Structures are given as C-alpha cells and as structure tokens.
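Shown here: work02.cif, mmCIF, C-alpha atoms.
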data_run
loop_
_atom_site.label_atom_id
_atom_site.label_comp_id
_atom_site.auth_asym_id
_atom_site.auth_seq_id
_atom_site.Cartn_x
_atom_site.Cartn_y
_atom_site.Cartn_z
CA MET J 51 58.44 102.14 118.04
CA PRO J 52 61.97 103.56 118.37
CA PRO J 53 64.86 101.46 117.04
CA PRO J 54 66.85 99.45 119.58
CA LYS J 55 69.80 101.28 121.04
CA PRO J 56 71.68 99.08 123.51
CA GLY J 57 74.87 101.10 123.18
CA VAL J 58 76.08 104.32 121.63
CA ILE J 59 74.14 104.08 118.35
CA PRO J 60 70.70 102.93 117.23
CA LEU J 61 70.86 99.60 115.42
CA VAL J 62 69.51 100.97 112.14
CA PRO J 63 71.24 102.70 109.20
CA LEU J 64 73.02 105.69 110.69
CA ARG J 65 72.71 109.37 109.91
CA LEU J 66 75.61 111.78 110.23
CA GLY J 67 74.41 112.87 113.66
CA ASP J 68 74.22 109.25 114.81
CA ILE J 69 77.80 108.59 113.69
CA LEU J 70 79.29 111.71 115.28
CA GLY J 71 77.16 111.29 118.40
CA GLY J 72 78.18 107.65 118.67
CA ALA J 73 81.85 108.58 118.43
CA PHE J 74 81.51 111.21 121.17
CA SER J 75 79.46 108.86 123.33
CA THR J 76 82.11 106.14 123.00
CA ILE J 77 84.79 108.58 124.13
CA GLY J 78 82.60 109.62 127.06
CA ARG J 79 81.74 106.09 128.20
CA TYR J 80 85.02 104.31 127.46
CA TRP J 81 87.53 107.12 127.99
CA LYS J 82 89.45 105.11 130.58
CA GLN J 83 90.09 102.26 128.15
CA LEU J 84 90.92 104.63 125.28
CA LEU J 85 93.21 106.72 127.45
CA GLY J 86 94.85 103.64 128.94
CA VAL J 87 95.70 102.15 125.55
CA GLY J 88 96.79 105.49 124.11
CA VAL J 89 99.01 106.47 127.03
CA THR J 90 100.54 102.98 127.11
CA VAL J 91 101.46 102.80 123.42
CA TYR J 92 102.56 106.42 122.98
CA GLY J 93 104.32 106.44 126.34
CA VAL J 94 106.31 103.33 125.47
CA ALA J 95 107.08 104.78 122.03
CA LEU J 96 108.29 108.02 123.62
CA VAL J 97 110.55 106.08 126.00
CA VAL J 98 111.96 103.98 123.14
CA VAL J 99 112.66 107.03 120.96
CA GLY J 100 114.13 108.88 123.93
CA ALA J 101 116.40 105.94 124.72
CA ALA J 102 117.49 105.80 121.07
CA ALA J 103 118.24 109.54 121.15
CA ALA J 104 120.21 109.17 124.38
CA ILE J 105 122.26 106.30 122.93
CA ALA J 106 122.88 108.25 119.73
CA TYR J 107 123.92 111.33 121.70
CA SER J 108 126.34 109.37 123.87
CA ALA J 109 127.87 107.77 120.77
CA THR J 110 128.27 111.08 118.89
CA HIS J 111 128.85 113.50 121.78
CA ASP J 112 132.41 114.39 120.78
CA HIS J 113 131.46 114.83 117.12
CA LEU J 114 128.53 117.08 118.06
CA ARG J 115 130.69 119.15 120.37
CA ARG J 116 133.24 119.77 117.61
CA ILE J 117 130.51 120.67 115.09
CA ILE J 118 128.82 123.10 117.50
CA ALA J 119 132.17 124.72 118.31
CA LEU J 120 132.79 125.62 114.63
CA SER J 121 132.50 129.23 113.59
CA ALA J 122 130.15 130.37 110.83
CA ASP J 123 132.87 130.29 108.15
CA GLN J 124 134.09 126.78 109.01
CA ASP J 125 132.72 123.58 107.53
CA PRO J 126 132.46 120.37 109.57
CA SER J 127 134.72 117.52 108.58
CA SER J 128 133.25 114.35 107.14
CA ASP J 129 134.65 112.38 110.08
CA ASP J 130 132.41 114.41 112.42
CA LEU J 131 129.44 114.90 110.11
CA ALA J 132 128.94 111.30 108.98
CA PRO J 133 128.42 109.77 112.47
CA VAL J 134 126.00 112.54 113.39
CA LEU J 135 123.94 112.03 110.23
CA ILE J 136 123.91 108.26 110.76
CA ALA J 137 122.77 108.78 114.35
CA PHE J 138 119.95 111.09 113.27
CA GLY J 139 118.94 108.59 110.60
CA ALA J 140 118.83 105.78 113.17
CA ILE J 141 116.67 107.91 115.50
CA TRP J 142 114.33 108.71 112.61
CA LEU J 143 114.04 105.02 111.70
CA VAL J 144 113.28 104.03 115.31
CA ALA J 145 110.69 106.83 115.52
CA MET J 146 108.99 105.69 112.30
CA VAL J 147 108.81 102.06 113.44
CA ALA J 148 107.47 103.15 116.84
CA LEU J 149 104.87 105.39 115.18
CA MET J 150 103.75 102.58 112.88
CA LEU J 151 103.33 100.23 115.84
CA CYS J 152 101.43 102.89 117.80
CA THR J 153 99.14 103.49 114.85
CA ALA J 154 98.51 99.77 114.41
CA VAL J 155 97.71 99.25 118.09
CA MET J 156 95.30 102.21 118.12
CA TYR J 157 93.70 101.06 114.86
CA ALA J 158 93.16 97.65 116.51
CA ALA J 159 92.09 98.95 119.94
CA VAL J 160 89.51 101.52 118.78
CA PRO J 161 87.34 99.01 116.83
CA THR J 162 87.72 96.54 119.71
CA ILE J 163 86.30 99.13 122.12
CA LEU J 164 83.66 100.09 119.57
CA GLN J 165 82.41 96.52 119.41
CA GLU J 166 81.50 96.73 123.09
CA ALA J 167 80.21 100.30 122.77
CA VAL J 168 77.76 99.38 120.01
CA LEU J 169 76.38 96.53 122.12
CA GLY J 170 76.42 98.58 125.33
CA ARG J 171 78.63 96.13 127.19
CA PRO J 172 81.23 97.10 129.82
CA THR J 173 84.84 96.15 129.31
CA THR J 174 88.24 96.62 130.88
CA PHE J 175 91.65 97.78 129.75
CA SER J 176 93.17 94.30 130.06
CA VAL J 177 90.47 92.71 127.91
CA ILE J 178 90.79 95.41 125.25
CA TRP J 179 94.57 95.15 125.27
CA ARG J 180 94.61 91.36 124.80
CA ARG J 181 92.02 91.41 122.01
CA ALA J 182 93.60 94.39 120.23
CA TRP J 183 97.15 93.01 120.48
CA ALA J 184 96.04 89.77 118.85
CA ARG J 185 94.94 91.74 115.77
CA VAL J 186 97.97 94.05 115.58
CA PRO J 187 99.85 91.97 112.93
CA ALA J 188 96.84 92.01 110.59
CA VAL J 189 96.27 95.72 111.19
CA ILE J 190 99.95 96.47 110.54
CA GLY J 191 99.52 94.78 107.18
CA THR J 192 96.45 96.85 106.33
CA VAL J 193 98.19 100.06 107.48
CA ILE J 194 101.26 99.35 105.33
CA LEU J 195 99.22 98.40 102.27
CA SER J 196 96.94 101.42 102.71
CA SER J 197 99.92 103.73 103.21
CA LEU J 198 101.48 102.53 99.97
CA ILE J 199 98.44 103.93 98.17
CA ALA J 200 99.28 107.53 99.07
CA MET J 201 103.03 107.08 98.64
CA ILE J 202 103.26 107.72 94.89
CA PRO J 203 101.84 111.28 94.88
CA MET J 204 103.74 112.08 98.09
CA VAL J 205 107.04 110.88 96.59
CA LEU J 206 106.40 112.83 93.41
CA MET J 207 105.53 115.93 95.43
CA MET J 208 108.74 115.59 97.45
CA VAL J 209 110.79 115.17 94.26
CA GLY J 210 109.29 118.34 92.85
CA PHE J 211 109.73 120.26 96.10
CA CYS J 212 113.33 119.12 96.57
CA ALA J 213 114.19 119.99 92.97
CA LEU J 214 112.61 123.41 93.46
CA MET J 215 114.55 124.03 96.68
CA ILE J 216 117.84 122.84 95.15
CA GLY J 217 117.30 125.12 92.19
CA ALA J 218 116.51 128.08 94.46
CA ILE J 219 119.44 127.47 96.82
CA THR J 220 122.02 126.96 94.06
CA LEU J 221 120.46 129.72 91.94
CA ALA J 222 120.44 127.30 89.04
CA HIS J 223 118.78 128.80 86.01
CA GLY J 224 119.15 125.74 83.82
CA SER J 225 116.25 123.54 82.78
CA GLY J 226 117.26 120.54 84.93
CA ALA J 227 115.88 121.63 88.30
CA ALA J 228 112.84 123.27 86.72
CA LEU J 229 112.07 120.16 84.67
CA TRP J 230 112.25 117.85 87.71
CA ALA J 231 110.17 120.27 89.77
CA ALA J 232 107.51 120.49 87.06
CA LEU J 233 107.41 116.72 86.54
CA GLY J 234 107.16 116.05 90.27
CA LEU J 235 104.45 118.60 90.96
CA LEU J 236 102.41 117.68 87.87
CA GLY J 237 102.79 113.98 88.64
CA ALA J 238 101.58 114.55 92.20
CA LEU J 239 98.57 116.51 90.96
CA ALA J 240 97.77 113.81 88.41
CA THR J 241 98.00 110.88 90.85
CA ALA J 242 96.44 112.56 93.92
CA PRO J 243 92.80 111.96 92.83
CA LEU J 244 93.52 108.25 92.25
CA ALA J 245 95.25 108.01 95.64
CA ALA J 246 92.29 109.71 97.35
CA TRP J 247 89.84 107.36 95.63
CA LEU J 248 91.82 104.28 96.67
CA TRP J 249 92.31 105.61 100.22
CA VAL J 250 88.54 105.92 100.71
CA LYS J 251 87.95 102.60 98.97
CA PHE J 252 90.19 100.84 101.52
CA SER J 253 89.44 103.07 104.53
CA LEU J 254 87.29 100.40 106.24
CA ALA J 255 90.03 97.76 106.08
CA ALA J 256 91.23 98.20 109.67
CA PRO J 257 87.75 97.76 111.19
CA ALA J 258 87.20 94.74 108.93
CA ALA J 259 90.50 93.24 110.10
CA VAL J 260 89.35 93.59 113.73
CA PHE J 261 85.58 93.00 113.57
CA GLU J 262 85.77 90.07 111.15
CA ARG J 263 89.33 88.91 111.95
CA GLN J 264 90.31 89.25 108.30
CA SER J 265 93.81 89.03 106.88
CA PRO J 266 95.28 92.26 105.44
CA VAL J 267 94.46 91.46 101.81
CA ALA J 268 91.01 90.12 102.70
CA ALA J 269 90.35 93.22 104.81
CA LEU J 270 91.20 95.49 101.87
CA ARG J 271 88.90 93.46 99.64
CA ARG J 272 86.15 93.61 102.27
CA SER J 273 86.52 97.39 102.59
CA SER J 274 86.23 97.78 98.83
CA GLN J 275 83.04 95.73 98.87
CA LEU J 276 81.46 97.77 101.67
CA VAL J 277 82.38 101.18 100.24
CA ARG J 278 81.05 100.32 96.78
CA GLY J 279 78.10 102.52 95.90
CA ASP J 280 78.62 104.95 98.80
CA TRP J 281 82.08 106.37 98.12
CA TRP J 282 81.17 110.05 98.40
CA ARG J 283 79.36 109.63 101.71
CA VAL J 284 82.24 107.67 103.25
CA PHE J 285 84.68 110.26 101.90
CA GLY J 286 82.71 113.23 103.22
CA ILE J 287 82.14 111.84 106.72
CA SER J 288 85.75 110.62 107.02
CA LEU J 289 87.10 113.99 105.89
CA LEU J 290 84.81 115.78 108.36
CA ALA J 291 86.09 113.57 111.20
CA PHE J 292 89.73 114.29 110.33
CA VAL J 293 89.05 118.04 110.11
CA MET J 294 87.24 118.04 113.46
CA ALA J 295 90.11 116.13 115.09
CA ALA J 296 92.69 118.47 113.54
CA VAL J 297 90.85 121.58 114.77
CA ALA J 298 90.47 120.11 118.26
CA ASN J 299 94.16 119.15 118.24
CA TYR J 300 95.10 122.73 117.32
CA VAL J 301 92.90 124.18 120.05
CA ILE J 302 94.43 121.81 122.60
CA GLN J 303 97.97 122.86 121.62
CA ILE J 304 97.33 126.59 122.26
CA PRO J 305 97.39 126.60 126.09
CA PHE J 306 100.30 124.14 126.17
CA SER J 307 102.25 126.37 123.76
CA PHE J 308 101.74 129.43 125.99
CA LEU J 309 102.73 127.48 129.10
CA GLY J 310 105.75 126.08 127.27
CA MET J 311 106.91 129.53 126.12
CA PHE J 312 106.59 130.86 129.68
CA SER J 313 108.57 127.92 131.04
CA GLY J 314 111.18 128.33 128.29
CA ALA J 315 111.55 132.04 129.06
CA VAL J 316 112.06 131.31 132.75
CA GLY J 317 114.60 128.59 131.98
CA GLY J 318 116.39 130.75 129.40
CA SER J 319 116.90 133.54 131.92
CA THR J 320 119.14 131.21 133.98
CA LEU J 321 121.62 130.58 131.15
CA ASP J 322 125.09 132.08 131.05
CA GLU J 323 126.35 134.23 128.19
CA ASP J 324 128.08 131.24 126.60
CA PRO J 325 126.04 128.17 127.60
CA ASN J 326 126.99 124.63 126.67
CA PRO J 327 124.48 122.28 124.97
CA ALA J 328 123.75 120.36 128.19
CA SER J 329 122.77 123.53 130.08
CA ILE J 330 120.55 124.63 127.17
CA VAL J 331 118.72 121.28 127.19
CA LEU J 332 118.31 121.44 130.97
CA ALA J 333 116.98 125.02 130.86
CA MET J 334 114.51 124.14 128.11
CA SER J 335 113.39 120.86 129.69
CA GLY J 336 110.21 122.43 131.13
CA TYR J 337 109.26 123.74 127.69
CA LEU J 338 109.93 120.34 126.10
CA VAL J 339 107.89 118.44 128.71
CA ILE J 340 104.89 120.79 128.41
CA VAL J 341 104.92 120.76 124.62
CA LEU J 342 105.30 116.96 124.52
CA LEU J 343 102.36 116.61 126.92
CA GLY J 344 100.20 118.76 124.66
CA GLN J 345 101.35 116.76 121.64
CA LEU J 346 100.48 113.50 123.42
CA ILE J 347 96.95 114.66 124.28
CA GLY J 348 96.40 115.97 120.77
CA GLN J 349 97.76 112.78 119.22
CA LEU J 350 95.43 110.68 121.36
CA LEU J 351 92.46 112.64 120.04
CA SER J 352 93.72 112.56 116.46
CA ALA J 353 94.27 108.79 116.64
CA THR J 354 90.94 108.05 118.35
CA PHE J 355 88.09 110.17 117.01
CA PRO J 356 88.58 109.57 113.24
CA GLN J 357 88.96 105.83 113.86
CA LEU J 358 85.75 105.76 115.90
CA VAL J 359 83.96 107.45 113.00
CA THR J 360 85.52 105.00 110.54
CA GLY J 361 84.44 102.06 112.69
CA LEU J 362 80.88 103.39 112.86
CA LEU J 363 80.89 103.86 109.08
CA TYR J 364 81.86 100.19 108.81
CA VAL J 365 78.93 99.21 111.06
CA ASP J 366 76.61 101.52 109.11
CA ARG J 367 77.59 100.06 105.75
CA ARG J 368 76.99 96.52 107.02
CA MET J 369 73.60 97.51 108.44
CA ARG J 370 72.65 99.05 105.09
CA THR J 371 73.90 96.24 102.86
CA GLU J 372 73.81 93.11 105.04
CA ASN J 373 70.98 93.76 107.53
CA LEU J 374 73.41 93.66 110.45
CA GLY J 375 71.03 95.49 112.82
CA PRO J 376 68.99 92.43 113.94
CA VAL J 377 72.19 90.43 114.42
CA LEU J 378 73.61 93.13 116.69
CA ALA J 379 70.30 93.43 118.53
CA GLU J 380 70.30 89.69 119.18
CA ALA J 381 73.91 89.84 120.36
CA ALA J 382 72.98 92.65 122.73
CA ALA J 383 69.89 90.74 123.92
CA VAL J 384 67.63 93.47 122.56
CA PRO J 385 64.52 92.60 120.48
CA PRO J 386 65.12 93.42 116.79
CA SER J 387 63.51 96.56 115.41
CA PRO J 388 60.69 96.49 112.86
CA TYR J 389 62.59 99.26 111.03
CA GLY J 390 63.88 98.22 107.65
CA THR J 391 67.51 98.51 106.64
#
Representation of the structure as structure tokens:
Amino acid sequence: MPPPKPGVIPLVPLRLGDILGGAFSTIGRYWKQLLGVGVTVYGVALVVVGAAAAIAYSATHDHLRRIIALSADQDPSSDDLAPVLIAFGAIWLVAMVALMLCTAVMYAAVPTILQEAVLGRPTTFSVIWRRAWARVPAVIGTVILSSLIAMIPMVLMMVGFCALMIGAITLAHGSGAALWAALGLLGALATAPLAAWLWVKFSLAAPAAVFERQSPVAALRRSSQLVRGDWWRVFGISLLAFVMAAVANYVIQIPFSFLGMFSGAVGGSTLDEDPNPASIVLAMSGYLVIVLLGQLIGQLLSATFPQLVTGLLYVDRRMRTENLGPVLAEAAAVPPSPYGT
C-alpha cells in the first residue's frame, strides 16, 4: 500500500527526491501565492529604497554636482563630501532594513504556504499574507539571531581584507597591515567551521517559528533539537538547495543582462559629448529597469526554493523523530499509512 500523499510530499520520512520534488511541486501549484507575496514585499522595498535615494539626491544635488565637476587632480572639499557620504550611508541603512523585512516576510510566507501544500489544501494570497504577517516579528528575531552566528567570521574576514587593501594601496611594507590581515584571515578560517555548524544547527528555526508559533529563542532551541543526530544530511540538502537556486539565478540573469546591454547601448548613443548626470541616468534607465527586473525574478527564486527545502526538512525531521505523518494524514483527512517512521 503506497503512503498517503494528500499534497506535494508523501507523509512518510522523505528521501532527497521527495524533498526536491516537493519544493518544485509547491512552486508549480502555489506560484500565484509565492509570486504575489514576493512581488509585494520586494516591490514595496524597491519603492522605499528608490524614494530614499530620490530624497538623498535632492538633498545633496549641489554637492554632487560640484564633486562631479572636479578635475582628476582636484580633491573634493569636506563640506561637499560629508553630506554625500551621509546620504549614501542613509540609503544603505534603509536598504538593509528593507532587505531584512523582505527576508523575514518571505521566511514567514514560504512555510505558511508549505503548510497548505503538504496537506493539499487550496489557499489564497490574502490568507497567506495575514498568517505570514502575524509571524513576521518572531521570524525577524530568528533571522537576526541566526545572522549573528555568521557575523564573527565575516567581520574577521573583512578586517583582514581591508587591512590587506590598505597595505596594498598605501604600499606599506611595515608589519602593521600584514599583521592585521593575517589575524583577520586566520581568525575567519578558524571560526568559519563553528559558524557553519551553528548555522545548520539553527537552520530550521524559521519553519519552527511559523509551524509551531514559537518565539525566536524557542524556535532556535527547537531547531537544535530537530537537527540533532542528522546534521550532515541537513547540511548537505540545504547546501544543494542554495547551489541550485544560485545556478538558476545566474541562468536567469543572462538574458536580462544581454537585453540590458542592448538597451544601454541604444540609450548611450543619444548622449551628447559632455552629458550631465540627469541625461546619463535617463539614457541608462532602460538598462536599469531590465537589470532590476532580472534581479527581482532571481531574488524571488533565491528567497523561495531554499526555504521550501528547509521547510520540508523540518517536516521530514518531525516525521522521523516524532511520528508526525499520521497527524498530518488525519489533518488532511487521509487514512494514516501502515508505513513506519
């Protein structure tokens, strides 16, 4: 007797093919909901960042114009440079906050859709949005706490890289830059394995925060409990999902890059010999729109597929350790399978 399969996966411990197939099936069956949430959050984020950039440009237009007008042997004054740097810093901060919110919403929406996909139940964008938005604060907490795990080796790597670049640019042959570069790079190499281990250990926290409505700390604890004893399998499947999404993202970018270059060449041919910044932006607007569209599609895939795989790993671990299959079968009104878990 085959195992019950009311939705995208059989309700028994999952093989690799079941997990990948379930992720693809969820995208195929619920693409409208996934696309709706993704376009909404990334579209709003793009508008917010664009508005911040427009405000920053209007506030620093005169400073930018004077900096651009400088010749190669002239240095910008601090009165012009400081406002521009502050404006760029503000845009970067707005972009980071918007990206974190987008990530949290997607991390909450994907498991919410997966809940219905596993049980084979239809759903709508409005239902998904309300349920996902209610879990966004908890997911933001898990995202922040999980991100802190990888911060130490990244900071050490940046310290080493910056010290190396400063030493190369200033042609410094003293031991200071070399010492900082060596300490940063060695520290990153030493802490990277621990960061990777902790990242996998807590990788199921976002699904736990959504499926079980856990708080951030409780979700991290729950993820650690579920991953225990199966770390290498969770690591391998998660890494495979990220690689597959990255390759697909790269393939998607290729046609958009070619179209963008063609549009940029056409727009560039209309420029005068000495164009001003506004005319350059206008001429390159087609290129920017096409490239941003490709980036949006690729980002949707990168934010969706790995999270679907992670959510299915969460379901798989609970079916293996907690006999979740019969509970899901009952919830889906399907007779439980005689298969063991």
Taking 3 positions as the minimum chain separation for residues in the same chain, which residues sit within 9 Å of region 242-259 of chain J when counting only C-alpha atoms? Answer as a PyMOL selection string. chain J and resi 154+157-158+160-162+185+188-190+192-193+196-197+199-204+237-239+262-278+281-282+284-285+288+357+360-361+363-365
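Minimum atom-to-atom distances from J:Ala103, J:Asp112, J:Val205, J:Leu169 to Phe138 (chain J) were compared using only C-alpha atoms, and the lowest value belongs to J:Ala103.
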As JSON, please: the centre and edge lengths in Å, to one decimal, of an axis-aligned box enclosing every listed atom of region 246-265 of chain J with 8 Å added on each side.
{"center_x": 89.7, "center_y": 99.3, "center_z": 104.7, "size_x": 24.2, "size_y": 36.8, "size_z": 34.1}
Run the PyMOL selection byres ((chain J and resi 167) around 9) against the file shown and list the residues it catches, as a ChimeraX atom specification. /J:56-59,72,75-76,79-80,162-166,168-172
Those residues with C-alpha atoms, as an mmCIF file, keeping the file's coordinate frame please?
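Result file is again-v2.cif:
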data_model
loop_
_atom_site.group_PDB
_atom_site.id
_atom_site.type_symbol
_atom_site.label_atom_id
_atom_site.label_comp_id
_atom_site.auth_asym_id
_atom_site.auth_seq_id
_atom_site.Cartn_x
_atom_site.Cartn_y
_atom_site.Cartn_z
ATOM 1 C CA PRO J 56 71.680 99.080 123.510
ATOM 2 C CA GLY J 57 74.870 101.100 123.180
ATOM 3 C CA VAL J 58 76.080 104.320 121.630
ATOM 4 C CA ILE J 59 74.140 104.080 118.350
ATOM 5 C CA GLY J 72 78.180 107.650 118.670
ATOM 6 C CA SER J 75 79.460 108.860 123.330
ATOM 7 C CA THR J 76 82.110 106.140 123.000
ATOM 8 C CA ARG J 79 81.740 106.090 128.200
ATOM 9 C CA TYR J 80 85.020 104.310 127.460
ATOM 10 C CA THR J 162 87.720 96.540 119.710
ATOM 11 C CA ILE J 163 86.300 99.130 122.120
ATOM 12 C CA LEU J 164 83.660 100.090 119.570
ATOM 13 C CA GLN J 165 82.410 96.520 119.410
ATOM 14 C CA GLU J 166 81.500 96.730 123.090
ATOM 15 C CA VAL J 168 77.760 99.380 120.010
ATOM 16 C CA LEU J 169 76.380 96.530 122.120
ATOM 17 C CA GLY J 170 76.420 98.580 125.330
ATOM 18 C CA ARG J 171 78.630 96.130 127.190
ATOM 19 C CA PRO J 172 81.230 97.100 129.820
#
Using all atoms listed in the file, which of J:Val377, J:Leu198, J:Val155, J:Leu61 sits nearest Trp183 (chain J)? J:Val155
Have a look at J:Leu131, J:Ile136, J:Trp81, J:Gly88 and name the one nearest to Ala106 (chain J); count only C-alpha atoms. J:Ile136
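If you look at CA of Phe355 (chain J) and CA of Cys152 (chain J), they are 15.2 Å away from each other.
From CA of Ala383 (chain J) back to CA of Ala73 (chain J), the distance works out to 22.2 Å.
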Interatomic distance (Å, one decimal) between CA of Val62 (chain J) and CA of Arg181 (chain J): 26.4 Å
Looking at J:Thr371, J:Met150, J:Val177, J:Tyr92, which one is nearest to Gly279 (chain J), with distances taken over all atoms listed in the file? J:Thr371
Please evaluate the PyMOL selection byres ((chain J and resi 295-303) around 12) against the displayed coordinates and give the resulting residues as a PyMOL selection string. chain J and resi 70+73-74+288-294+304-310+340-359
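With all atoms listed in the file as the basis for measurement, J:Gly86 is the residue among J:Gly78, J:Pro53, J:Gly67, J:Gly86 that approaches Met156 (chain J) most closely.
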Residues at most 9 Å from Tyr107 (chain J), counting only C-alpha atoms, excluding those fewer than 4 positions away in the same chain, as an NGL selection string? :J and (102-103 or 111 or 114 or 134 or 137)
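Of the listed residues J:Gly71, J:Gly100, J:Gly375, J:Pro133, the one whose atoms come nearest to Pro54 (chain J) is J:Gly375, with distances taken using all atoms listed in the file.
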Reconstructed N, CA, C and O atoms for region 181-203 of chain J, given as a compact mmCIF listing (two decimals), keeping the file's coordinate frame:
# COMPACT_ATOMS: atom_id res chain seq x y z
N ARG J 181 92.71 91.61 123.29
CA ARG J 181 92.02 91.41 122.01
C ARG J 181 92.64 92.27 120.91
O ARG J 181 92.76 91.82 119.76
N ALA J 182 93.01 93.51 121.24
CA ALA J 182 93.60 94.39 120.23
C ALA J 182 94.98 93.89 119.82
O ALA J 182 95.32 93.88 118.63
N TRP J 183 95.80 93.46 120.80
CA TRP J 183 97.15 93.01 120.48
C TRP J 183 97.14 91.79 119.57
O TRP J 183 98.03 91.63 118.72
N ALA J 184 96.13 90.94 119.71
CA ALA J 184 96.04 89.77 118.85
C ALA J 184 95.80 90.14 117.40
O ALA J 184 96.14 89.37 116.49
N ARG J 185 95.22 91.32 117.14
CA ARG J 185 94.94 91.74 115.77
C ARG J 185 95.97 92.71 115.22
O ARG J 185 95.85 93.16 114.08
N VAL J 186 96.98 93.07 116.02
CA VAL J 186 97.97 94.05 115.58
C VAL J 186 98.70 93.60 114.31
O VAL J 186 98.88 94.41 113.39
N PRO J 187 99.16 92.34 114.17
CA PRO J 187 99.85 91.97 112.93
C PRO J 187 98.99 92.19 111.68
O PRO J 187 99.48 92.70 110.67
N ALA J 188 97.71 91.81 111.76
CA ALA J 188 96.84 92.01 110.59
C ALA J 188 96.63 93.49 110.32
O ALA J 188 96.61 93.92 109.16
N VAL J 189 96.49 94.28 111.38
CA VAL J 189 96.27 95.72 111.19
C VAL J 189 97.53 96.38 110.66
O VAL J 189 97.45 97.30 109.83
N ILE J 190 98.70 95.93 111.09
CA ILE J 190 99.95 96.47 110.54
C ILE J 190 99.98 96.24 109.03
O ILE J 190 100.36 97.12 108.25
N GLY J 191 99.56 95.05 108.61
CA GLY J 191 99.52 94.78 107.18
C GLY J 191 98.58 95.71 106.44
O GLY J 191 98.92 96.23 105.36
N THR J 192 97.39 95.95 107.00
CA THR J 192 96.45 96.85 106.33
C THR J 192 96.98 98.28 106.33
O THR J 192 96.80 99.01 105.35
N VAL J 193 97.64 98.70 107.42
CA VAL J 193 98.19 100.06 107.48
C VAL J 193 99.28 100.24 106.44
O VAL J 193 99.32 101.26 105.72
N ILE J 194 100.17 99.24 106.31
CA ILE J 194 101.26 99.35 105.33
C ILE J 194 100.70 99.37 103.92
O ILE J 194 101.08 100.22 103.09
N LEU J 195 99.78 98.44 103.62
CA LEU J 195 99.22 98.40 102.27
C LEU J 195 98.44 99.67 101.96
O LEU J 195 98.51 100.19 100.83
N SER J 196 97.69 100.18 102.94
CA SER J 196 96.94 101.42 102.71
C SER J 196 97.88 102.61 102.55
O SER J 196 97.61 103.51 101.75
N SER J 197 98.98 102.61 103.31
CA SER J 197 99.92 103.73 103.21
C SER J 197 100.61 103.76 101.86
O SER J 197 100.95 104.84 101.35
N LEU J 198 100.84 102.58 101.28
CA LEU J 198 101.48 102.53 99.97
C LEU J 198 100.64 103.23 98.91
O LEU J 198 101.18 103.72 97.90
N ILE J 199 99.34 103.30 99.15
CA ILE J 199 98.44 103.93 98.17
C ILE J 199 98.78 105.40 97.99
O ILE J 199 98.81 105.92 96.88
N ALA J 200 99.02 106.09 99.13
CA ALA J 200 99.28 107.53 99.07
C ALA J 200 100.75 107.85 98.84
O ALA J 200 101.11 109.03 98.75
N MET J 201 101.59 106.82 98.72
CA MET J 201 103.03 107.08 98.64
C MET J 201 103.44 107.69 97.31
O MET J 201 104.31 108.57 97.25
N ILE J 202 102.83 107.25 96.21
CA ILE J 202 103.26 107.72 94.89
C ILE J 202 103.11 109.23 94.75
O ILE J 202 104.07 109.92 94.42
N PRO J 203 101.92 109.82 95.00
CA PRO J 203 101.84 111.28 94.88
C PRO J 203 102.70 112.00 95.90
O PRO J 203 103.25 113.07 95.60
